[in-house]
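Inspection log for the structure reproduced underneath, given as structure tokens.
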Amino acid sequence: MTLYEKIMAIYPQLEQQDFLTTITLQNDSDGKGDYIAKWEHTLPRPTDEQLGAA
Amino acid sequence: MSSVIIAGNTSGTITLDAPAVAGTTTLTLPTTSGTVMVNGPAFSANTATTQSISNATYTKVTLGTEVFDTNSNFASSRFTPTVAGYYQINAGIFYNTGAVSGLGQIFIYKNGSEVNGTVNNMSASGYCGLSIATLTYCNGTTDYIELYTYHSFGTAQNVSSGTTVFMTGAMVRSA
């Protein structure tokens, strides 16, 4: 499951547009995988525990 | 001596040789404001394998095949020119997506931030091609250039391997 899919499982009300504006996911192809580069949404940033359980 | 005039011979050729000093890459005219550029760095690279791009995730494109790299400035899918100047950067990408729809985007990044980007809104035809060209300044020491992409096709999608996913660049003017 990708980071995007985990976030959508936690917050199914999010829309694609949110990931072009208030949320930025990034992958620098350095072996570390996808990560949250920016979270400015009114919903709280998901914790590592939430993402791990998603 | 107030001036030097160099006239071409009948073959139409004039050759100015740079000093034979390691690392010297320019011929400088010290009494004017200009610098004569001689063979600035240039590179061309494309993908060696397909790469999976997660939905809604800005992802650096891995360019594992070097076509040429004249000054050994390209490594780890990153161009870090060692000569200060203005660089023309071109890139293209091809998503072989299957029947999906959404936004496809391509970006030139400098030092981890976007310089320019383009976007294509694809239908359900199953393919998405994107290209970009830009001109940017690099300081010749720390500035570096990378290729990123983004899509909102709903699920992770592959970009193709080979010559349809590429980045090229060349110095077009000295600093």
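Quick note on naming: the chains in the structure tokens go A, B, ... in the order shown, residues restart at 1 in each chain, and ligands are numbered from 1 in order of appearance.
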
- Long-range neighbours of range 19-28 of chain A as a PyMOL selection string, 12 Å cut-off, only C-alpha atoms, 3 positions minimum in chain: (chain A and resi 2-8+14-16+31-46) or (chain B and resi 51-62+76-78+103-105+109+112-113+146-152+154)

Show me, as a compact mmCIF listing (two decimals) with C-alpha atoms, in the first residue's frame, the residues that have an atom within 7 Å of Thr50 in chain B when counting only C-alpha atoms, minus same-chain residues fewer than 6 positions from it.
# COMPACT_ATOMS: atom_id res chain seq x y z
CA ASN B 158 4.77 2.97 -14.53
CA VAL B 159 6.84 5.31 -16.63
CA SER B 160 8.44 3.53 -19.53
CA SER B 161 12.08 2.57 -19.93

- Query: Nearest to Phe68 in chain B: which of B:Gln88, B:Thr82, B:Asn46, B:Thr142 is it, counting only C-alpha atoms?
  - Reply: B:Asn46

Contacts between range 165-170 of chain B and range 64-140 of chain B, please, where a residue of range 64-140 of chain B counts if it comes within 8 Å (with only C-alpha atoms); show its shortest atom pair and distance in Å to one decimal, rows by chain and ascending number, as a Markdown table.
| residue | atom | partner | partner_atom | distance |
| --- | --- | --- | --- | --- |
| B:Tyr87 | CA | B:Ala170 | CA | 5.4 |
| B:Gln88 | CA | B:Gly169 | CA | 5.4 |
| B:Ile89 | CA | B:Gly169 | CA | 4.3 |
| B:Asn90 | CA | B:Thr168 | CA | 5.2 |
| B:Ala91 | CA | B:Met167 | CA | 4.2 |
| B:Gly92 | CA | B:Val165 | CA | 5.4 |
| B:Ile93 | CA | B:Val165 | CA | 4.3 |
| B:Phe94 | CA | B:Val165 | CA | 6.0 |

Residues from last step as file, N, CA and C atoms, as a CSV table (one decimal), in the first residue's frame:
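Contents of the output file part03.csv:
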chain,number,residue,atom,x,y,z
B,87,TYR,N,22.0,27.1,-18.6
B,87,TYR,CA,21.9,25.8,-19.1
B,87,TYR,C,20.5,25.6,-19.7
B,88,GLN,N,20.5,25.1,-20.9
B,88,GLN,CA,19.2,24.6,-21.6
B,88,GLN,C,19.0,23.2,-21.1
B,89,ILE,N,17.8,23.0,-20.5
B,89,ILE,CA,17.5,21.6,-20.0
B,89,ILE,C,16.2,21.2,-20.7
B,90,ASN,N,16.2,20.0,-21.3
B,90,ASN,CA,15.1,19.4,-21.9
B,90,ASN,C,14.8,18.1,-21.3
B,91,ALA,N,13.5,17.7,-21.3
B,91,ALA,CA,13.1,16.4,-20.7
B,91,ALA,C,11.8,16.0,-21.3
B,92,GLY,N,11.6,14.7,-21.3
B,92,GLY,CA,10.4,14.1,-21.7
B,92,GLY,C,10.1,12.8,-20.9
B,93,ILE,N,8.8,12.5,-20.8
B,93,ILE,CA,8.4,11.3,-20.0
B,93,ILE,C,7.2,10.7,-20.6
B,94,PHE,N,7.1,9.4,-20.5
B,94,PHE,CA,6.0,8.6,-21.1
B,94,PHE,C,5.4,7.7,-20.1

- Item | Residue nearest chain B - candidates A:Gln13, A:Asp18, A:Asp48, A:Ser29, atoms counted: only C-alpha atoms |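 Selected residue with least distance to chain B: A:Ser29.
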
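The spacing separating CA of Ala42 in chain B from CA of Asn96 in chain B amounts to 28.7 Å.
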
- If you measure from CA of Ile145 in chain B to CA of Phe107 in chain B, what distance in Å do you get, rounded to one decimal?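 Here the two named atoms are 10.4 Å from each other.
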